[in-house]
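**Q** Sharing data.pdb below, PDB, N, CA and C atoms, pLDDT in the B column:
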```pdb
ATOM      1  N   MET I   1     -18.540  -4.246 -20.046  1.00 37.00           N
ATOM      2  CA  MET I   1     -17.523  -5.230 -19.720  1.00 37.00           C
ATOM      3  C   MET I   1     -17.735  -5.696 -18.278  1.00 37.00           C
ATOM      4  N   ARG I   2     -17.693  -6.978 -18.089  1.00 40.00           N
ATOM      5  CA  ARG I   2     -17.842  -7.562 -16.774  1.00 40.00           C
ATOM      6  C   ARG I   2     -16.518  -7.478 -16.015  1.00 40.00           C
ATOM      7  N   LYS I   3     -16.608  -7.117 -14.732  1.00 41.00           N
ATOM      8  CA  LYS I   3     -15.399  -7.062 -13.919  1.00 41.00           C
ATOM      9  C   LYS I   3     -15.021  -8.463 -13.476  1.00 41.00           C
ATOM     10  N   THR I   4     -13.715  -8.727 -13.453  1.00 42.00           N
ATOM     11  CA  THR I   4     -13.243 -10.010 -12.945  1.00 42.00           C
ATOM     12  C   THR I   4     -12.626  -9.785 -11.580  1.00 42.00           C
ATOM     13  N   LYS I   5     -12.754 -10.766 -10.747  1.00 49.00           N
ATOM     14  CA  LYS I   5     -12.162 -10.679  -9.422  1.00 49.00           C
ATOM     15  C   LYS I   5     -10.660 -10.873  -9.553  1.00 49.00           C
ATOM     16  N   ARG I   6      -9.918  -9.918  -9.035  1.00 50.00           N
ATOM     17  CA  ARG I   6      -8.465  -9.999  -9.123  1.00 50.00           C
ATOM     18  C   ARG I   6      -7.904 -10.923  -8.058  1.00 50.00           C
ATOM     19  N   ASN I   7      -6.999 -11.790  -8.481  1.00 49.00           N
ATOM     20  CA  ASN I   7      -6.296 -12.660  -7.546  1.00 49.00           C
ATOM     21  C   ASN I   7      -4.902 -12.071  -7.378  1.00 49.00           C
ATOM     22  N   VAL I   8      -4.802 -11.075  -6.497  1.00 46.00           N
ATOM     23  CA  VAL I   8      -3.535 -10.365  -6.350  1.00 46.00           C
ATOM     24  C   VAL I   8      -2.868 -10.647  -5.014  1.00 46.00           C
ATOM     25  N   SER I   9      -3.302 -11.670  -4.322  1.00 54.00           N
ATOM     26  CA  SER I   9      -2.787 -11.925  -2.992  1.00 54.00           C
ATOM     27  C   SER I   9      -1.278 -12.129  -2.962  1.00 54.00           C
ATOM     28  N   ARG I  10      -0.728 -12.876  -3.907  1.00 70.00           N
ATOM     29  CA  ARG I  10       0.714 -13.125  -3.885  1.00 70.00           C
ATOM     30  C   ARG I  10       1.480 -12.242  -4.858  1.00 70.00           C
ATOM     31  N   VAL I  11       0.777 -11.635  -5.801  1.00 74.00           N
ATOM     32  CA  VAL I  11       1.447 -10.866  -6.846  1.00 74.00           C
ATOM     33  C   VAL I  11       2.195  -9.651  -6.305  1.00 74.00           C
ATOM     34  N   PRO I  12       1.586  -8.813  -5.428  1.00 77.00           N
ATOM     35  CA  PRO I  12       2.360  -7.685  -4.910  1.00 77.00           C
ATOM     36  C   PRO I  12       3.636  -8.119  -4.199  1.00 77.00           C
ATOM     37  N   VAL I  13       3.547  -9.198  -3.451  1.00 85.00           N
ATOM     38  CA  VAL I  13       4.739  -9.705  -2.756  1.00 85.00           C
ATOM     39  C   VAL I  13       5.791 -10.119  -3.775  1.00 85.00           C
ATOM     40  N   LEU I  14       5.362 -10.795  -4.822  1.00 87.00           N
ATOM     41  CA  LEU I  14       6.284 -11.235  -5.866  1.00 87.00           C
ATOM     42  C   LEU I  14       6.956 -10.040  -6.540  1.00 87.00           C
ATOM     43  N   ARG I  15       6.170  -9.024  -6.901  1.00 91.00           N
ATOM     44  CA  ARG I  15       6.751  -7.838  -7.553  1.00 91.00           C
ATOM     45  C   ARG I  15       7.718  -7.125  -6.617  1.00 91.00           C
ATOM     46  N   GLN I  16       7.341  -7.029  -5.342  1.00 92.00           N
ATOM     47  CA  GLN I  16       8.230  -6.398  -4.364  1.00 92.00           C
ATOM     48  C   GLN I  16       9.525  -7.184  -4.231  1.00 92.00           C
ATOM     49  N   GLN I  17       9.449  -8.500  -4.287  1.00 92.00           N
ATOM     50  CA  GLN I  17      10.652  -9.329  -4.166  1.00 92.00           C
ATOM     51  C   GLN I  17      11.603  -9.118  -5.340  1.00 92.00           C
ATOM     52  N   PHE I  18      11.046  -8.997  -6.551  1.00 93.00           N
ATOM     53  CA  PHE I  18      11.897  -8.737  -7.704  1.00 93.00           C
ATOM     54  C   PHE I  18      12.614  -7.396  -7.552  1.00 93.00           C
ATOM     55  N   ARG I  19      11.894  -6.376  -7.061  1.00 94.00           N
ATOM     56  CA  ARG I  19      12.506  -5.058  -6.853  1.00 94.00           C
ATOM     57  C   ARG I  19      13.535  -5.115  -5.731  1.00 94.00           C
ATOM     58  N   ALA I  20      13.201  -5.778  -4.631  1.00 93.00           N
ATOM     59  CA  ALA I  20      14.099  -5.874  -3.482  1.00 93.00           C
ATOM     60  C   ALA I  20      15.376  -6.645  -3.830  1.00 93.00           C
ATOM     61  N   LYS I  21      15.252  -7.619  -4.701  1.00 93.00           N
ATOM     62  CA  LYS I  21      16.423  -8.397  -5.142  1.00 93.00           C
ATOM     63  C   LYS I  21      17.481  -7.481  -5.754  1.00 93.00           C
ATOM     64  N   ARG I  22      17.015  -6.431  -6.434  1.00 94.00           N
ATOM     65  CA  ARG I  22      17.928  -5.443  -7.037  1.00 94.00           C
ATOM     66  C   ARG I  22      18.289  -4.337  -6.059  1.00 94.00           C
ATOM     67  N   LYS I  23      17.761  -4.415  -4.810  1.00 96.00           N
ATOM     68  CA  LYS I  23      18.012  -3.422  -3.769  1.00 96.00           C
ATOM     69  C   LYS I  23      17.629  -2.012  -4.230  1.00 96.00           C
ATOM     70  N   LEU I  24      16.421  -1.916  -4.799  1.00 96.00           N
ATOM     71  CA  LEU I  24      15.927  -0.648  -5.315  1.00 96.00           C
ATOM     72  C   LEU I  24      14.720  -0.174  -4.526  1.00 96.00           C
ATOM     73  N   SER I  25      14.665   1.121  -4.277  1.00 97.00           N
ATOM     74  CA  SER I  25      13.455   1.709  -3.709  1.00 97.00           C
ATOM     75  C   SER I  25      12.460   1.912  -4.844  1.00 97.00           C
ATOM     76  N   HIS I  26      11.234   2.263  -4.486  1.00 96.00           N
ATOM     77  CA  HIS I  26      10.234   2.573  -5.512  1.00 96.00           C
ATOM     78  C   HIS I  26      10.729   3.735  -6.386  1.00 96.00           C
ATOM     79  N   ARG I  27      11.294   4.729  -5.750  1.00 97.00           N
ATOM     80  CA  ARG I  27      11.796   5.899  -6.483  1.00 97.00           C
ATOM     81  C   ARG I  27      12.914   5.517  -7.441  1.00 97.00           C
ATOM     82  N   GLU I  28      13.861   4.710  -6.964  1.00 97.00           N
ATOM     83  CA  GLU I  28      14.993   4.309  -7.810  1.00 97.00           C
ATOM     84  C   GLU I  28      14.531   3.489  -9.014  1.00 97.00           C
ATOM     85  N   LEU I  29      13.612   2.553  -8.792  1.00 97.00           N
ATOM     86  CA  LEU I  29      13.113   1.763  -9.910  1.00 97.00           C
ATOM     87  C   LEU I  29      12.388   2.663 -10.905  1.00 97.00           C
ATOM     88  N   GLY I  30      11.584   3.582 -10.389  1.00 97.00           N
ATOM     89  CA  GLY I  30      10.886   4.516 -11.258  1.00 97.00           C
ATOM     90  C   GLY I  30      11.846   5.315 -12.125  1.00 97.00           C
ATOM     91  N   GLU I  31      12.919   5.789 -11.527  1.00 97.00           N
ATOM     92  CA  GLU I  31      13.926   6.541 -12.288  1.00 97.00           C
ATOM     93  C   GLU I  31      14.567   5.663 -13.362  1.00 97.00           C
ATOM     94  N   LYS I  32      14.818   4.413 -13.040  1.00 96.00           N
ATOM     95  CA  LYS I  32      15.471   3.504 -13.989  1.00 96.00           C
ATOM     96  C   LYS I  32      14.580   3.165 -15.180  1.00 96.00           C
ATOM     97  N   VAL I  33      13.264   3.014 -14.933  1.00 96.00           N
ATOM     98  CA  VAL I  33      12.368   2.603 -16.013  1.00 96.00           C
ATOM     99  C   VAL I  33      11.571   3.753 -16.604  1.00 96.00           C
ATOM    100  N   GLY I  34      11.687   4.947 -16.014  1.00 97.00           N
ATOM    101  CA  GLY I  34      11.065   6.126 -16.597  1.00 97.00           C
ATOM    102  C   GLY I  34       9.639   6.411 -16.171  1.00 97.00           C
ATOM    103  N   VAL I  35       9.303   6.062 -14.931  1.00 97.00           N
ATOM    104  CA  VAL I  35       7.981   6.381 -14.390  1.00 97.00           C
ATOM    105  C   VAL I  35       8.148   6.978 -12.998  1.00 97.00           C
ATOM    106  N   THR I  36       7.057   7.459 -12.427  1.00 97.00           N
ATOM    107  CA  THR I  36       7.128   8.043 -11.093  1.00 97.00           C
ATOM    108  C   THR I  36       7.148   6.962 -10.019  1.00 97.00           C
ATOM    109  N   GLU I  37       7.547   7.363  -8.824  1.00 97.00           N
ATOM    110  CA  GLU I  37       7.519   6.462  -7.676  1.00 97.00           C
ATOM    111  C   GLU I  37       6.097   5.963  -7.422  1.00 97.00           C
ATOM    112  N   ALA I  38       5.123   6.850  -7.559  1.00 97.00           N
ATOM    113  CA  ALA I  38       3.723   6.473  -7.352  1.00 97.00           C
ATOM    114  C   ALA I  38       3.278   5.422  -8.363  1.00 97.00           C
ATOM    115  N   THR I  39       3.745   5.543  -9.600  1.00 96.00           N
ATOM    116  CA  THR I  39       3.393   4.555 -10.623  1.00 96.00           C
ATOM    117  C   THR I  39       3.991   3.197 -10.283  1.00 96.00           C
ATOM    118  N   VAL I  40       5.225   3.185  -9.810  1.00 96.00           N
ATOM    119  CA  VAL I  40       5.852   1.922  -9.405  1.00 96.00           C
ATOM    120  C   VAL I  40       5.045   1.286  -8.284  1.00 96.00           C
ATOM    121  N   ARG I  41       4.690   2.073  -7.281  1.00 95.00           N
ATOM    122  CA  ARG I  41       3.904   1.542  -6.152  1.00 95.00           C
ATOM    123  C   ARG I  41       2.563   0.976  -6.637  1.00 95.00           C
ATOM    124  N   SER I  42       1.876   1.732  -7.470  1.00 94.00           N
ATOM    125  CA  SER I  42       0.562   1.302  -7.952  1.00 94.00           C
ATOM    126  C   SER I  42       0.661   0.074  -8.851  1.00 94.00           C
ATOM    127  N   THR I  43       1.701   0.004  -9.656  1.00 93.00           N
ATOM    128  CA  THR I  43       1.910  -1.166 -10.504  1.00 93.00           C
ATOM    129  C   THR I  43       2.283  -2.375  -9.658  1.00 93.00           C
ATOM    130  N   GLU I  44       3.138  -2.142  -8.675  1.00 91.00           N
ATOM    131  CA  GLU I  44       3.604  -3.235  -7.828  1.00 91.00           C
ATOM    132  C   GLU I  44       2.471  -3.853  -7.022  1.00 91.00           C
ATOM    133  N   ASN I  45       1.545  -3.042  -6.554  1.00 89.00           N
ATOM    134  CA  ASN I  45       0.483  -3.594  -5.715  1.00 89.00           C
ATOM    135  C   ASN I  45      -0.782  -3.953  -6.491  1.00 89.00           C
ATOM    136  N   GLY I  46      -0.757  -3.785  -7.807  1.00 86.00           N
ATOM    137  CA  GLY I  46      -1.865  -4.229  -8.639  1.00 86.00           C
ATOM    138  C   GLY I  46      -2.988  -3.236  -8.821  1.00 86.00           C
ATOM    139  N   ARG I  47      -2.816  -1.999  -8.353  1.00 91.00           N
ATOM    140  CA  ARG I  47      -3.880  -0.997  -8.533  1.00 91.00           C
ATOM    141  C   ARG I  47      -3.980  -0.534  -9.977  1.00 91.00           C
ATOM    142  N   ILE I  48      -2.857  -0.519 -10.696  1.00 92.00           N
ATOM    143  CA  ILE I  48      -2.894  -0.167 -12.113  1.00 92.00           C
ATOM    144  C   ILE I  48      -2.137  -1.229 -12.911  1.00 92.00           C
ATOM    145  N   ASP I  49      -2.520  -1.364 -14.160  1.00 92.00           N
ATOM    146  CA  ASP I  49      -1.834  -2.276 -15.070  1.00 92.00           C
ATOM    147  C   ASP I  49      -0.889  -1.455 -15.948  1.00 92.00           C
ATOM    148  N   PRO I  50       0.339  -1.918 -16.122  1.00 93.00           N
ATOM    149  CA  PRO I  50       1.250  -1.189 -17.007  1.00 93.00           C
ATOM    150  C   PRO I  50       0.864  -1.417 -18.464  1.00 93.00           C
ATOM    151  N   SER I  51       1.313  -0.511 -19.322  1.00 95.00           N
ATOM    152  CA  SER I  51       1.150  -0.753 -20.759  1.00 95.00           C
ATOM    153  C   SER I  51       1.989  -1.978 -21.120  1.00 95.00           C
ATOM    154  N   ILE I  52       1.747  -2.522 -22.277  1.00 95.00           N
ATOM    155  CA  ILE I  52       2.545  -3.678 -22.718  1.00 95.00           C
ATOM    156  C   ILE I  52       4.020  -3.303 -22.745  1.00 95.00           C
ATOM    157  N   PHE I  53       4.307  -2.137 -23.288  1.00 96.00           N
ATOM    158  CA  PHE I  53       5.690  -1.682 -23.362  1.00 96.00           C
ATOM    159  C   PHE I  53       6.319  -1.598 -21.972  1.00 96.00           C
ATOM    160  N   MET I  54       5.618  -0.957 -21.016  1.00 96.00           N
ATOM    161  CA  MET I  54       6.185  -0.801 -19.673  1.00 96.00           C
ATOM    162  C   MET I  54       6.299  -2.145 -18.954  1.00 96.00           C
ATOM    163  N   ALA I  55       5.389  -3.069 -19.211  1.00 95.00           N
ATOM    164  CA  ALA I  55       5.514  -4.397 -18.609  1.00 95.00           C
ATOM    165  C   ALA I  55       6.820  -5.045 -19.053  1.00 95.00           C
ATOM    166  N   PHE I  56       7.158  -4.888 -20.326  1.00 96.00           N
ATOM    167  CA  PHE I  56       8.422  -5.430 -20.816  1.00 96.00           C
ATOM    168  C   PHE I  56       9.616  -4.666 -20.258  1.00 96.00           C
ATOM    169  N   VAL I  57       9.502  -3.350 -20.123  1.00 97.00           N
ATOM    170  CA  VAL I  57      10.595  -2.559 -19.544  1.00 97.00           C
ATOM    171  C   VAL I  57      10.875  -3.029 -18.120  1.00 97.00           C
ATOM    172  N   TYR I  58       9.818  -3.147 -17.314  1.00 96.00           N
ATOM    173  CA  TYR I  58       9.989  -3.647 -15.945  1.00 96.00           C
ATOM    174  C   TYR I  58      10.658  -5.018 -15.948  1.00 96.00           C
ATOM    175  N   SER I  59      10.146  -5.929 -16.748  1.00 96.00           N
ATOM    176  CA  SER I  59      10.654  -7.304 -16.714  1.00 96.00           C
ATOM    177  C   SER I  59      12.091  -7.390 -17.216  1.00 96.00           C
ATOM    178  N   VAL I  60      12.435  -6.635 -18.237  1.00 96.00           N
ATOM    179  CA  VAL I  60      13.821  -6.643 -18.719  1.00 96.00           C
ATOM    180  C   VAL I  60      14.744  -6.075 -17.649  1.00 96.00           C
ATOM    181  N   TYR I  61      14.366  -4.945 -17.069  1.00 96.00           N
ATOM    182  CA  TYR I  61      15.223  -4.336 -16.050  1.00 96.00           C
ATOM    183  C   TYR I  61      15.365  -5.226 -14.823  1.00 96.00           C
ATOM    184  N   LEU I  62      14.277  -5.885 -14.432  1.00 95.00           N
ATOM    185  CA  LEU I  62      14.315  -6.752 -13.247  1.00 95.00           C
ATOM    186  C   LEU I  62      14.769  -8.174 -13.570  1.00 95.00           C
ATOM    187  N   ASP I  63      15.125  -8.406 -14.832  1.00 95.00           N
ATOM    188  CA  ASP I  63      15.684  -9.683 -15.273  1.00 95.00           C
ATOM    189  C   ASP I  63      14.773 -10.868 -14.966  1.00 95.00           C
ATOM    190  N   THR I  64      13.532 -10.742 -15.411  1.00 94.00           N
ATOM    191  CA  THR I  64      12.566 -11.820 -15.237  1.00 94.00           C
ATOM    192  C   THR I  64      11.628 -11.837 -16.434  1.00 94.00           C
ATOM    193  N   LYS I  65      10.851 -12.890 -16.542  1.00 95.00           N
ATOM    194  CA  LYS I  65       9.878 -12.991 -17.629  1.00 95.00           C
ATOM    195  C   LYS I  65       8.673 -12.113 -17.311  1.00 95.00           C
ATOM    196  N   VAL I  66       8.145 -11.464 -18.333  1.00 94.00           N
ATOM    197  CA  VAL I  66       6.987 -10.589 -18.142  1.00 94.00           C
ATOM    198  C   VAL I  66       5.808 -11.376 -17.577  1.00 94.00           C
ATOM    199  N   GLU I  67       5.630 -12.612 -18.014  1.00 92.00           N
ATOM    200  CA  GLU I  67       4.494 -13.395 -17.511  1.00 92.00           C
ATOM    201  C   GLU I  67       4.671 -13.810 -16.057  1.00 92.00           C
ATOM    202  N   ASP I  68       5.899 -13.840 -15.554  1.00 91.00           N
ATOM    203  CA  ASP I  68       6.125 -14.114 -14.136  1.00 91.00           C
ATOM    204  C   ASP I  68       5.852 -12.867 -13.294  1.00 91.00           C
ATOM    205  N   LEU I  69       6.297 -11.727 -13.777  1.00 92.00           N
ATOM    206  CA  LEU I  69       6.137 -10.480 -13.043  1.00 92.00           C
ATOM    207  C   LEU I  69       4.689  -9.997 -13.033  1.00 92.00           C
ATOM    208  N   PHE I  70       3.971 -10.264 -14.103  1.00 92.00           N
ATOM    209  CA  PHE I  70       2.587  -9.792 -14.226  1.00 92.00           C
ATOM    210  C   PHE I  70       1.621 -10.953 -14.461  1.00 92.00           C
ATOM    211  N   SER I  71       1.775 -12.011 -13.691  1.00 89.00           N
ATOM    212  CA  SER I  71       0.936 -13.205 -13.859  1.00 89.00           C
ATOM    213  C   SER I  71      -0.533 -12.911 -13.586  1.00 89.00           C
ATOM    214  N   ASP I  72      -0.827 -11.937 -12.745  1.00 88.00           N
ATOM    215  CA  ASP I  72      -2.220 -11.584 -12.473  1.00 88.00           C
ATOM    216  C   ASP I  72      -2.905 -11.029 -13.721  1.00 88.00           C
ATOM    217  N   ILE I  73      -2.191 -10.251 -14.497  1.00 89.00           N
ATOM    218  CA  ILE I  73      -2.760  -9.695 -15.728  1.00 89.00           C
ATOM    219  C   ILE I  73      -2.983 -10.812 -16.738  1.00 89.00           C
ATOM    220  N   LEU I  74      -2.045 -11.734 -16.827  1.00 90.00           N
ATOM    221  CA  LEU I  74      -2.187 -12.877 -17.724  1.00 90.00           C
ATOM    222  C   LEU I  74      -3.430 -13.688 -17.360  1.00 90.00           C
ATOM    223  N   GLU I  75      -3.645 -13.920 -16.086  1.00 90.00           N
ATOM    224  CA  GLU I  75      -4.811 -14.688 -15.637  1.00 90.00           C
ATOM    225  C   GLU I  75      -6.110 -13.945 -15.938  1.00 90.00           C
ATOM    226  N   ARG I  76      -6.125 -12.641 -15.764  1.00 88.00           N
ATOM    227  CA  ARG I  76      -7.321 -11.863 -16.095  1.00 88.00           C
ATOM    228  C   ARG I  76      -7.606 -11.900 -17.588  1.00 88.00           C
ATOM    229  N   ALA I  77      -6.549 -11.870 -18.405  1.00 90.00           N
ATOM    230  CA  ALA I  77      -6.732 -11.952 -19.858  1.00 90.00           C
ATOM    231  C   ALA I  77      -7.348 -13.294 -20.239  1.00 90.00           C
ATOM    232  N   LYS I  78      -6.869 -14.366 -19.622  1.00 92.00           N
ATOM    233  CA  LYS I  78      -7.433 -15.690 -19.892  1.00 92.00           C
ATOM    234  C   LYS I  78      -8.889 -15.759 -19.455  1.00 92.00           C
ATOM    235  N   ALA I  79      -9.195 -15.194 -18.288  1.00 92.00           N
ATOM    236  CA  ALA I  79     -10.573 -15.200 -17.798  1.00 92.00           C
ATOM    237  C   ALA I  79     -11.480 -14.397 -18.715  1.00 92.00           C
ATOM    238  N   HIS I  80     -10.975 -13.300 -19.223  1.00 92.00           N
ATOM    239  CA  HIS I  80     -11.755 -12.485 -20.163  1.00 92.00           C
ATOM    240  C   HIS I  80     -12.103 -13.284 -21.409  1.00 92.00           C
ATOM    241  N   LEU I  81     -11.145 -14.013 -21.927  1.00 93.00           N
ATOM    242  CA  LEU I  81     -11.399 -14.832 -23.117  1.00 93.00           C
ATOM    243  C   LEU I  81     -12.389 -15.925 -22.821  1.00 93.00           C
ATOM    244  N   ASP I  82     -12.326 -16.504 -21.633  1.00 90.00           N
ATOM    245  CA  ASP I  82     -13.293 -17.529 -21.246  1.00 90.00           C
ATOM    246  C   ASP I  82     -14.712 -16.954 -21.179  1.00 90.00           C
ATOM    247  N   MET I  83     -14.837 -15.705 -20.726  1.00 89.00           N
ATOM    248  CA  MET I  83     -16.150 -15.066 -20.611  1.00 89.00           C
ATOM    249  C   MET I  83     -16.740 -14.737 -21.976  1.00 89.00           C
ATOM    250  N   THR I  84     -15.879 -14.513 -22.964  1.00 84.00           N
ATOM    251  CA  THR I  84     -16.385 -14.115 -24.274  1.00 84.00           C
ATOM    252  C   THR I  84     -16.570 -15.294 -25.210  1.00 84.00           C
ATOM    253  N   SER I  85     -16.214 -16.484 -24.751  1.00 76.00           N
ATOM    254  CA  SER I  85     -16.350 -17.688 -25.601  1.00 76.00           C
ATOM    255  C   SER I  85     -17.747 -18.215 -25.584  1.00 76.00           C
TER     256      SER I  85
END
```
Could you quickly redo this structure as structure tokens?
**A**
Amino acid sequence: MRKTKRNVSRVPVLRQQFRAKRKLSHRELGEKVGVTEATVRSTENGRIDPSIFMAFVYSVYLDTKVEDLFSDILERAKAHLDMTS
């Protein structure tokens, strides 16, 4: 599998803003959605991708669309399809 260059420059800021809007720490969000503080940090900054289920859990809890919260993953999926066409 070919690696794609991640465009995560604005995504971590966006994810942090959604969390900050709810006035939640990484630990508090993790407790609410059922993951560790480290997982929240890694997901928020783009180091790891959440499962489909967890992406929806995050987006429902943060009251936003999954494609807005994880737009970087959506773009990588589109790029992957372009590479395989």
**Q** Just how far from CA of Val66 in chain I is atom N of Arg41 in chain I, in Å to one decimal?
**A**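 Answer for the atom N of Arg41 in chain I to CA of Val66 in chain I separation: 16.8 Å.
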**Q** Once the PyMOL selection byres ((chain I and resi 15-21) around 8) has been evaluated on this model, what residues remain selected, and can you format them as a list in words?
**A**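 Checking the PyMOL selection byres ((chain I and resi 15-21) around 8) against this file, the residues are Arg10, Val11, Pro12, Val13, Leu14, Arg22, Lys23, Leu24, Ser25, His26, Leu29, Thr43, Glu44, Asn45, Leu62, Asp63, Asp68, Leu69 and Phe70 of chain I.
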**Q** If we count only C-alpha atoms and set the cut-off at 9 Å, which residues sit around Arg27 in chain I, ignoring sequence neighbours fewer than 2 positions away in its own chain? Please answer as a PyMOL selection string.
**A** chain I and resi 24-25+29-32+35-38+40
**Q** Could you jot down the CA of Glu67 in chain I to atom N of Val33 in chain I separation for me, Å, one decimal place?
**A**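 Straight-line distance from CA of Glu67 in chain I to atom N of Val33 in chain I works out to 18.8 Å.
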**Q** Return as a count of residues only the full set of residues in chain I whose backbone-based DSSP assignment is helix (DSSP H, G or I).
**A** 55
**Q** Separation of CA of Ile52 in chain I and atom N of Ser85 in chain I, in Å?
**A** 22.8 Å
